[in-house]
Amino acid sequence: MLKKLDSEAVKELKIKSANVRFKTVELIHNAGAGHTGGDMSAADILIALYSYMNVDPKSKNSCDRDFFIMSKGHSAEIYYNVLAEFGFLDYESLDTLGSFGSEFGGHPTNNIPGVEANTGSLGHGLGIGVGIALGLKRDNKTNQVYVLTGDGELSEGSNWEAAMSAGKYKLDNLTWIIDRNYLQISGKTEDVMPLEPLKMKINSFGFEVYTINGHKYEEIFEVLNVPFFRKPKAVIAETIKGYGIRDGENIASWHHKVPDKKQVAQMEVDMKSLIEEIKNG
Ligand SMILES: Cc1ncc(C[n+]2csc(CCOP(=O)(O)OP(=O)(O)O)c2C)c(N)n1
Ligand SMILES: [Mg+2]
């Protein structure tokens, strides 16, 4: 449970991110399938959350744990890698991803240690989070609930029903983070189904809304530490789809593109030089 960051902690998190993102690209290459673009955009948000939340692989079912719902379940590969990085899974077990009989499917299921809900059919995670948060409040519990959705995912009307309920019940134990990479499966969110003015929309549903850079650990921690104002919190985390992949940033076709051998090798070189840069920076 890391709550405050100094410059050394930021460096450590950035190095973790570079390693986890590379492992994820390698995993997708070996499995022959995956959602590379949205994996990369969510990496820093997930690493920040797992550093911050009250979750522990040794007591993963503790009644006092915080709850995290990975609503954008197609980004399973980064989620699995983050769970491995934080001790919920063995890295080696992920090698079965994509093979017949593997417990690691293309979307996460709650038989996997640390996974709270089955997701991947978009638009359900926020409703699940609202239900958990409401139950916790009714039991006078102080656990926190965090939900990560995509931005294209917000085309699903069920998100807005969940948001209405969160506002109605003033769920000041619920933090909804939106991976705002401005792309969905087939193109720009603003072309497929416009979301703007997103902040105003979510605010009108009864949330306190913040916009941050979803790749800056200082900003993610700062917003997580902001107290609730007797209402739920929403965080529009602006990110880059395909973050860190040379020629793969902000390109819709990288949504589920499988990197080839050359691209994986290039990412390894880039990741190593990035880590050197962070260490010397
Ligand atoms: C209900 C439902 N409809 C369609 C899909 C197919 N699908 C998978 S990912 C995706 C786009 C999601 O875009 P976004 O939420 O922006 O994800 P990200 O950019 O973070 O990858 C779609 C339409 C799905 N998984 N579930
Ligand atoms: Mg998106």
# chains A, B, ... in the order shown; residues from 1 in each chain; ligands from 1

$ residues_near_ligand --ligand "ligand 2" --cutoff "8 Å" --atoms "only C-alpha atoms and all ligand atoms" --output "number ranges by chain"
A: 38, 150-153, 179-185, 189, 241

$ residues_near_ligand --ligand "ligand 1" --cutoff "10 Å" --atoms "only C-alpha atoms and all ligand atoms" --output "mmCIF file with N, CA and C atoms, in the first residue's frame"
data_model
loop_
_atom_site.group_PDB
_atom_site.id
_atom_site.type_symbol
_atom_site.label_atom_id
_atom_site.label_comp_id
_atom_site.auth_asym_id
_atom_site.auth_seq_id
_atom_site.Cartn_x
_atom_site.Cartn_y
_atom_site.Cartn_z
ATOM 1 N N HIS A 35 -4.673 -8.055 -27.169
ATOM 2 C CA HIS A 35 -5.130 -6.691 -27.425
ATOM 3 C C HIS A 35 -4.015 -5.722 -27.039
ATOM 4 N N THR A 36 -3.037 -5.627 -27.907
ATOM 5 C CA THR A 36 -1.783 -4.932 -27.602
ATOM 6 C C THR A 36 -1.983 -3.447 -27.265
ATOM 7 N N GLY A 37 -2.754 -2.751 -28.102
ATOM 8 C CA GLY A 37 -2.876 -1.302 -27.933
ATOM 9 C C GLY A 37 -3.407 -0.895 -26.575
ATOM 10 N N GLY A 38 -4.542 -1.466 -26.184
ATOM 11 C CA GLY A 38 -5.175 -1.116 -24.907
ATOM 12 C C GLY A 38 -4.449 -1.705 -23.706
ATOM 13 N N ASP A 39 -3.651 -2.742 -23.929
ATOM 14 C CA ASP A 39 -2.793 -3.255 -22.852
ATOM 15 C C ASP A 39 -1.777 -2.183 -22.477
ATOM 16 N N MET A 40 -1.167 -1.603 -23.508
ATOM 17 C CA MET A 40 -0.097 -0.635 -23.260
ATOM 18 C C MET A 40 -0.643 0.651 -22.632
ATOM 19 N N SER A 41 -1.848 1.068 -23.064
ATOM 20 C CA SER A 41 -2.376 2.324 -22.501
ATOM 21 C C SER A 41 -2.752 2.166 -21.036
ATOM 22 N N ALA A 42 -3.129 0.941 -20.630
ATOM 23 C CA ALA A 42 -3.593 0.730 -19.251
ATOM 24 C C ALA A 42 -2.469 0.392 -18.271
ATOM 25 N N SER A 71 -12.878 -3.709 -16.003
ATOM 26 C CA SER A 71 -14.017 -3.777 -16.922
ATOM 27 C C SER A 71 -13.573 -3.938 -18.373
ATOM 28 N N LYS A 72 -12.442 -3.324 -18.732
ATOM 29 C CA LYS A 72 -11.946 -3.505 -20.110
ATOM 30 C C LYS A 72 -11.159 -4.820 -20.151
ATOM 31 N N GLY A 73 -11.943 -5.910 -20.085
ATOM 32 C CA GLY A 73 -11.354 -7.247 -19.924
ATOM 33 C C GLY A 73 -10.536 -7.713 -21.114
ATOM 34 N N HIS A 74 -10.723 -7.048 -22.280
ATOM 35 C CA HIS A 74 -9.902 -7.462 -23.435
ATOM 36 C C HIS A 74 -8.422 -7.161 -23.193
ATOM 37 N N SER A 75 -8.136 -6.265 -22.245
ATOM 38 C CA SER A 75 -6.724 -5.992 -21.930
ATOM 39 C C SER A 75 -6.206 -6.998 -20.901
ATOM 40 N N HIS A 107 -9.951 -13.263 -22.101
ATOM 41 C CA HIS A 107 -10.632 -12.343 -21.182
ATOM 42 C C HIS A 107 -10.562 -12.953 -19.796
ATOM 43 N N THR A 119 -14.889 -10.505 -16.949
ATOM 44 C CA THR A 119 -15.166 -9.322 -17.769
ATOM 45 C C THR A 119 -14.684 -9.559 -19.206
ATOM 46 N N GLY A 120 -15.042 -8.663 -20.071
ATOM 47 C CA GLY A 120 -14.638 -8.794 -21.470
ATOM 48 C C GLY A 120 -15.803 -8.487 -22.382
ATOM 49 N N SER A 121 -16.999 -8.854 -21.917
ATOM 50 C CA SER A 121 -18.178 -8.332 -22.566
ATOM 51 C C SER A 121 -18.310 -6.927 -21.986
ATOM 52 N N LEU A 122 -18.055 -5.941 -22.813
ATOM 53 C CA LEU A 122 -17.865 -4.581 -22.298
ATOM 54 C C LEU A 122 -19.143 -4.011 -21.677
ATOM 55 N N GLY A 123 -18.946 -3.114 -20.719
ATOM 56 C CA GLY A 123 -20.083 -2.385 -20.156
ATOM 57 C C GLY A 123 -20.642 -2.956 -18.873
ATOM 58 N N HIS A 124 -19.971 -3.911 -18.282
ATOM 59 C CA HIS A 124 -20.512 -4.524 -17.070
ATOM 60 C C HIS A 124 -19.729 -4.199 -15.795
ATOM 61 N N LEU A 148 -11.825 0.057 -13.766
ATOM 62 C CA LEU A 148 -11.183 0.612 -14.959
ATOM 63 C C LEU A 148 -11.998 0.237 -16.193
ATOM 64 N N THR A 149 -12.497 1.247 -16.886
ATOM 65 C CA THR A 149 -13.175 1.007 -18.170
ATOM 66 C C THR A 149 -12.332 1.598 -19.293
ATOM 67 N N GLY A 150 -12.636 1.179 -20.514
ATOM 68 C CA GLY A 150 -12.074 1.855 -21.670
ATOM 69 C C GLY A 150 -12.906 3.097 -21.964
ATOM 70 N N ASP A 151 -12.533 3.810 -23.031
ATOM 71 C CA ASP A 151 -13.370 4.950 -23.435
ATOM 72 C C ASP A 151 -14.365 4.514 -24.511
ATOM 73 N N GLY A 152 -13.931 3.697 -25.468
ATOM 74 C CA GLY A 152 -14.862 3.136 -26.449
ATOM 75 C C GLY A 152 -15.939 2.321 -25.753
ATOM 76 N N GLU A 153 -15.559 1.707 -24.650
ATOM 77 C CA GLU A 153 -16.500 0.893 -23.861
ATOM 78 C C GLU A 153 -17.717 1.709 -23.432
ATOM 79 N N LEU A 154 -17.543 3.030 -23.360
ATOM 80 C CA LEU A 154 -18.639 3.868 -22.855
ATOM 81 C C LEU A 154 -19.790 3.984 -23.849
ATOM 82 N N SER A 155 -19.618 3.394 -25.054
ATOM 83 C CA SER A 155 -20.760 3.306 -25.985
ATOM 84 C C SER A 155 -21.845 2.399 -25.425
ATOM 85 N N GLU A 156 -21.453 1.521 -24.493
ATOM 86 C CA GLU A 156 -22.438 0.612 -23.890
ATOM 87 C C GLU A 156 -23.296 1.399 -22.905
ATOM 88 N N SER A 158 -25.151 0.506 -20.576
ATOM 89 C CA SER A 158 -25.141 0.001 -19.199
ATOM 90 C C SER A 158 -24.200 0.807 -18.297
ATOM 91 N N ILE A 178 -11.207 5.964 -16.313
ATOM 92 C CA ILE A 178 -11.448 5.753 -17.750
ATOM 93 C C ILE A 178 -10.119 5.853 -18.490
ATOM 94 N N ASP A 179 -9.773 4.784 -19.178
ATOM 95 C CA ASP A 179 -8.554 4.778 -19.991
ATOM 96 C C ASP A 179 -8.866 5.558 -21.271
ATOM 97 N N ARG A 180 -8.576 6.859 -21.225
ATOM 98 C CA ARG A 180 -8.999 7.760 -22.321
ATOM 99 C C ARG A 180 -7.896 7.824 -23.377
ATOM 100 N N ASN A 181 -7.852 6.797 -24.222
ATOM 101 C CA ASN A 181 -6.831 6.788 -25.285
ATOM 102 C C ASN A 181 -7.401 7.267 -26.627
ATOM 103 N N TYR A 182 -8.637 7.670 -26.619
ATOM 104 C CA TYR A 182 -9.310 8.277 -27.780
ATOM 105 C C TYR A 182 -9.496 7.324 -28.960
ATOM 106 N N LEU A 183 -9.203 6.046 -28.755
ATOM 107 C CA LEU A 183 -9.394 5.056 -29.827
ATOM 108 C C LEU A 183 -10.195 3.892 -29.297
ATOM 109 N N GLN A 184 -10.976 3.289 -30.164
ATOM 110 C CA GLN A 184 -11.576 2.003 -29.802
ATOM 111 C C GLN A 184 -11.210 0.981 -30.866
ATOM 112 N N ILE A 185 -12.050 -0.017 -31.119
ATOM 113 C CA ILE A 185 -11.583 -1.123 -31.965
ATOM 114 C C ILE A 185 -11.365 -0.702 -33.428
ATOM 115 N N SER A 186 -12.268 0.156 -33.938
ATOM 116 C CA SER A 186 -12.255 0.418 -35.377
ATOM 117 C C SER A 186 -11.835 1.837 -35.734
ATOM 118 N N GLY A 187 -11.531 2.637 -34.762
ATOM 119 C CA GLY A 187 -11.141 4.005 -35.075
ATOM 120 C C GLY A 187 -11.257 4.914 -33.861
ATOM 121 N N LYS A 188 -11.334 6.218 -34.149
ATOM 122 C CA LYS A 188 -11.380 7.207 -33.063
ATOM 123 C C LYS A 188 -12.732 7.154 -32.356
ATOM 124 N N THR A 189 -12.709 7.282 -31.042
ATOM 125 C CA THR A 189 -13.986 7.267 -30.306
ATOM 126 C C THR A 189 -14.888 8.388 -30.811
ATOM 127 N N THR A 239 -4.374 8.716 -22.032
ATOM 128 C CA THR A 239 -3.301 7.754 -22.281
ATOM 129 C C THR A 239 -3.015 7.660 -23.775
ATOM 130 N N ILE A 240 -2.006 6.865 -24.082
ATOM 131 C CA ILE A 240 -1.629 6.631 -25.483
ATOM 132 C C ILE A 240 -1.825 5.150 -25.785
ATOM 133 N N LYS A 241 -2.693 4.879 -26.738
ATOM 134 C CA LYS A 241 -2.895 3.476 -27.123
ATOM 135 C C LYS A 241 -1.611 2.981 -27.793
ATOM 136 N N GLY A 242 -1.147 1.806 -27.389
ATOM 137 C CA GLY A 242 0.112 1.278 -27.937
ATOM 138 C C GLY A 242 1.344 1.905 -27.302
ATOM 139 N N ASN A 250 -0.974 5.230 -30.899
ATOM 140 C CA ASN A 250 -2.116 5.981 -31.462
ATOM 141 C C ASN A 250 -2.583 5.462 -32.811
ATOM 142 N N ALA A 252 -5.150 2.776 -34.607
ATOM 143 C CA ALA A 252 -6.301 1.912 -34.293
ATOM 144 C C ALA A 252 -6.019 0.443 -34.592
ATOM 145 N N TRP A 254 -3.580 -1.283 -34.121
ATOM 146 C CA TRP A 254 -2.824 -1.961 -33.055
ATOM 147 C C TRP A 254 -3.735 -2.409 -31.921
ATOM 148 N N HIS A 255 -5.035 -2.176 -32.063
ATOM 149 C CA HIS A 255 -5.980 -2.616 -31.024
ATOM 150 C C HIS A 255 -5.756 -4.093 -30.697
ATOM 151 N N HIS A 256 -5.687 -4.929 -31.758
ATOM 152 C CA HIS A 256 -5.421 -6.355 -31.502
ATOM 153 C C HIS A 256 -4.360 -6.894 -32.443
#

$ atom_distance --atom1 "CA of Ala237 in chain A" --atom2 "CA of Lys272 in chain A"
26.0 Å

$ atom_distance --atom1 "CA of Ala31 in chain A" --atom2 "CA of Asp260 in chain A"
11.4 Å

$ atom_distance --atom1 "CA of Val209 in chain A" --atom2 "CA of Ile236 in chain A"
7.3 Å

$ residues_around --residues "Gly135 in chain A" --least-positions-apart "2" --cutoff "12 Å" --atoms "only C-alpha atoms" --output "list in words"
Ile128, Gly129, Val130, Gly131, Ile132, Ala133, Lys137, Arg138, Asp139, Asn140, Lys141, Thr142, Asn143, Gln144, Val145, Ala166, Tyr169, Leu171, Asn173 and Leu174 of chain A

$ write_last_selection --atoms "C-alpha atoms" --output "PDB file, in the first residue's frame"
ATOM      1  CA  ILE A 128     -20.456  -4.629 -10.691  1.00  0.00           C
ATOM      2  CA  GLY A 129     -18.347  -1.981  -8.944  1.00  0.00           C
ATOM      3  CA  VAL A 130     -21.443   0.048  -8.034  1.00  0.00           C
ATOM      4  CA  GLY A 131     -23.063  -3.043  -6.506  1.00  0.00           C
ATOM      5  CA  ILE A 132     -19.984  -3.853  -4.428  1.00  0.00           C
ATOM      6  CA  ALA A 133     -19.554  -0.237  -3.322  1.00  0.00           C
ATOM      7  CA  LYS A 137     -21.431   1.215   2.417  1.00  0.00           C
ATOM      8  CA  ARG A 138     -24.554  -0.500   3.715  1.00  0.00           C
ATOM      9  CA  ASP A 139     -22.296  -2.670   5.886  1.00  0.00           C
ATOM     10  CA  ASN A 140     -20.459   0.463   7.106  1.00  0.00           C
ATOM     11  CA  LYS A 141     -17.202  -0.855   5.640  1.00  0.00           C
ATOM     12  CA  THR A 142     -14.367   1.403   4.546  1.00  0.00           C
ATOM     13  CA  ASN A 143     -12.996  -0.744   1.680  1.00  0.00           C
ATOM     14  CA  GLN A 144     -12.509   1.122  -1.581  1.00  0.00           C
ATOM     15  CA  VAL A 145     -13.755   0.030  -5.002  1.00  0.00           C
ATOM     16  CA  ALA A 166     -23.483   5.650  -8.323  1.00  0.00           C
ATOM     17  CA  TYR A 169     -26.381   6.517  -3.845  1.00  0.00           C
ATOM     18  CA  LEU A 171     -20.944   6.242  -3.538  1.00  0.00           C
ATOM     19  CA  ASN A 173     -16.065   4.688  -1.911  1.00  0.00           C
ATOM     20  CA  LEU A 174     -16.081   4.235  -5.690  1.00  0.00           C
TER      21      LEU A 174
END

$ closest_residue --among "A:Ala76, A:Ala43, A:Val235, A:Ala117" --to "Phe104 in chain A" --atoms "only C-alpha atoms"
A:Ala76

$ residues_around --residues "Ala234 in chain A" --least-positions-apart "4" --cutoff "8 Å" --atoms "only C-alpha atoms" --output "MDAnalysis selection string"
chainID A and resid 175:178 202 207:210

$ closest_residue --among "A:Met164, A:Leu136, A:Ala33, A:Leu46" --to "Leu13 in chain A" --atoms "only C-alpha atoms"
A:Leu46

$ residues_around --residues "Thr96 in chain A" --least-positions-apart "6" --cutoff "12 Å" --atoms "only C-alpha atoms" --output "list in words"
Leu27, Ile28, Asn30, Ala31, Gly32, Glu77, Tyr80, Asp90, Ser102, Glu103, Phe104, Gly105 and Gly106 of chain A

$ residues_around --residues "range 8-10 of chain A" --least-positions-apart "2" --cutoff "10 Å" --atoms "only C-alpha atoms" --output "list in words"
Leu2, Lys4, Leu5, Asp6, Glu12, Leu13, Lys14, Ile15, Lys16, Ala48, Lys216, Tyr217, Glu218, Ile278 and Lys279 of chain A

$ write_last_selection --atoms "N, CA and C atoms" --output "mmCIF file, in the first residue's frame"
data_model
loop_
_atom_site.group_PDB
_atom_site.id
_atom_site.type_symbol
_atom_site.label_atom_id
_atom_site.label_comp_id
_atom_site.auth_asym_id
_atom_site.auth_seq_id
_atom_site.Cartn_x
_atom_site.Cartn_y
_atom_site.Cartn_z
ATOM 1 N N LEU A 2 1.250 1.655 -1.197
ATOM 2 C CA LEU A 2 2.084 2.840 -1.351
ATOM 3 C C LEU A 2 1.140 4.023 -1.535
ATOM 4 N N LYS A 4 2.190 7.561 -0.907
ATOM 5 C CA LYS A 4 2.871 8.802 -1.301
ATOM 6 C C LYS A 4 4.106 8.433 -2.102
ATOM 7 N N LEU A 5 4.433 9.250 -3.100
ATOM 8 C CA LEU A 5 5.563 8.930 -3.970
ATOM 9 C C LEU A 5 6.701 9.915 -3.772
ATOM 10 N N ASP A 6 7.942 9.382 -3.653
ATOM 11 C CA ASP A 6 9.088 10.279 -3.799
ATOM 12 C C ASP A 6 9.731 9.953 -5.147
ATOM 13 N N GLU A 12 11.128 3.634 -9.676
ATOM 14 C CA GLU A 12 10.863 2.188 -9.547
ATOM 15 C C GLU A 12 9.615 1.780 -10.325
ATOM 16 N N LEU A 13 8.573 2.608 -10.212
ATOM 17 C CA LEU A 13 7.319 2.298 -10.906
ATOM 18 C C LEU A 13 7.490 2.376 -12.420
ATOM 19 N N LYS A 14 8.275 3.353 -12.865
ATOM 20 C CA LYS A 14 8.500 3.496 -14.309
ATOM 21 C C LYS A 14 9.272 2.298 -14.857
ATOM 22 N N ILE A 15 10.238 1.817 -14.078
ATOM 23 C CA ILE A 15 11.025 0.647 -14.509
ATOM 24 C C ILE A 15 10.119 -0.592 -14.543
ATOM 25 N N LYS A 16 9.295 -0.705 -13.504
ATOM 26 C CA LYS A 16 8.328 -1.816 -13.464
ATOM 27 C C LYS A 16 7.451 -1.777 -14.729
ATOM 28 N N ALA A 48 0.007 1.541 -10.946
ATOM 29 C CA ALA A 48 -0.251 2.510 -9.864
ATOM 30 C C ALA A 48 -1.301 1.951 -8.905
ATOM 31 N N LYS A 216 1.502 9.286 -15.958
ATOM 32 C CA LYS A 216 2.328 10.013 -14.968
ATOM 33 C C LYS A 216 1.943 9.551 -13.568
ATOM 34 N N TYR A 217 2.867 8.823 -12.933
ATOM 35 C CA TYR A 217 2.558 8.259 -11.618
ATOM 36 C C TYR A 217 2.227 9.329 -10.580
ATOM 37 N N GLU A 218 2.902 10.462 -10.660
ATOM 38 C CA GLU A 218 2.637 11.535 -9.683
ATOM 39 C C GLU A 218 1.169 11.958 -9.774
ATOM 40 N N ILE A 278 15.836 6.055 -17.334
ATOM 41 C CA ILE A 278 15.122 6.309 -16.055
ATOM 42 C C ILE A 278 16.122 6.257 -14.907
ATOM 43 N N LYS A 279 17.004 5.257 -14.945
ATOM 44 C CA LYS A 279 17.987 5.117 -13.850
ATOM 45 C C LYS A 279 18.912 6.326 -13.756
#

$ decode --residues "range 90-153 of chain A" --atoms "C-alpha atoms" --output "compact mmCIF listing (two decimals), in the first residue's frame"
# COMPACT_ATOMS: atom_id res chain seq x y z
CA ASP A 90 3.53 -17.05 -11.28
CA TYR A 91 4.95 -15.48 -14.39
CA GLU A 92 5.70 -18.97 -15.78
CA SER A 93 2.04 -20.00 -15.59
CA LEU A 94 1.19 -17.29 -18.13
CA ASP A 95 3.10 -19.19 -20.81
CA THR A 96 -0.01 -21.32 -21.36
CA LEU A 97 -2.02 -18.27 -22.51
CA GLY A 98 -3.76 -19.01 -25.77
CA SER A 99 -3.26 -22.78 -25.60
CA PHE A 100 -6.05 -25.34 -25.27
CA GLY A 101 -7.05 -25.93 -21.64
CA SER A 102 -5.21 -22.87 -20.28
CA GLU A 103 -6.95 -21.10 -17.43
CA PHE A 104 -5.75 -17.86 -19.02
CA GLY A 105 -8.25 -16.97 -21.67
CA GLY A 106 -8.35 -13.88 -23.82
CA HIS A 107 -10.63 -12.34 -21.18
CA PRO A 108 -10.19 -12.69 -17.41
CA THR A 109 -12.30 -15.00 -15.26
CA ASN A 110 -12.54 -15.06 -11.49
CA ASN A 111 -10.98 -18.50 -11.11
CA ILE A 112 -7.68 -16.65 -11.59
CA PRO A 113 -6.16 -15.50 -8.27
CA GLY A 114 -6.79 -11.80 -7.75
CA VAL A 115 -9.48 -11.46 -10.42
CA GLU A 116 -12.74 -10.29 -8.81
CA ALA A 117 -15.10 -10.58 -11.79
CA ASN A 118 -15.43 -12.12 -15.23
CA THR A 119 -15.17 -9.32 -17.77
CA GLY A 120 -14.64 -8.79 -21.47
CA SER A 121 -18.18 -8.33 -22.57
CA LEU A 122 -17.87 -4.58 -22.30
CA GLY A 123 -20.08 -2.38 -20.16
CA HIS A 124 -20.51 -4.52 -17.07
CA GLY A 125 -17.62 -3.64 -14.77
CA LEU A 126 -18.97 -0.32 -13.56
CA GLY A 127 -22.31 -1.91 -12.60
CA ILE A 128 -20.46 -4.63 -10.69
CA GLY A 129 -18.35 -1.98 -8.94
CA VAL A 130 -21.44 0.05 -8.03
CA GLY A 131 -23.06 -3.04 -6.51
CA ILE A 132 -19.98 -3.85 -4.43
CA ALA A 133 -19.55 -0.24 -3.32
CA LEU A 134 -23.22 0.03 -2.30
CA GLY A 135 -23.01 -3.24 -0.35
CA LEU A 136 -19.87 -2.10 1.45
CA LYS A 137 -21.43 1.21 2.42
CA ARG A 138 -24.55 -0.50 3.72
CA ASP A 139 -22.30 -2.67 5.89
CA ASN A 140 -20.46 0.46 7.11
CA LYS A 141 -17.20 -0.85 5.64
CA THR A 142 -14.37 1.40 4.55
CA ASN A 143 -13.00 -0.74 1.68
CA GLN A 144 -12.51 1.12 -1.58
CA VAL A 145 -13.76 0.03 -5.00
CA TYR A 146 -11.88 0.84 -8.22
CA VAL A 147 -13.15 0.20 -11.75
CA LEU A 148 -11.18 0.61 -14.96
CA THR A 149 -13.18 1.01 -18.17
CA GLY A 150 -12.07 1.85 -21.67
CA ASP A 151 -13.37 4.95 -23.44
CA GLY A 152 -14.86 3.14 -26.45
CA GLU A 153 -16.50 0.89 -23.86
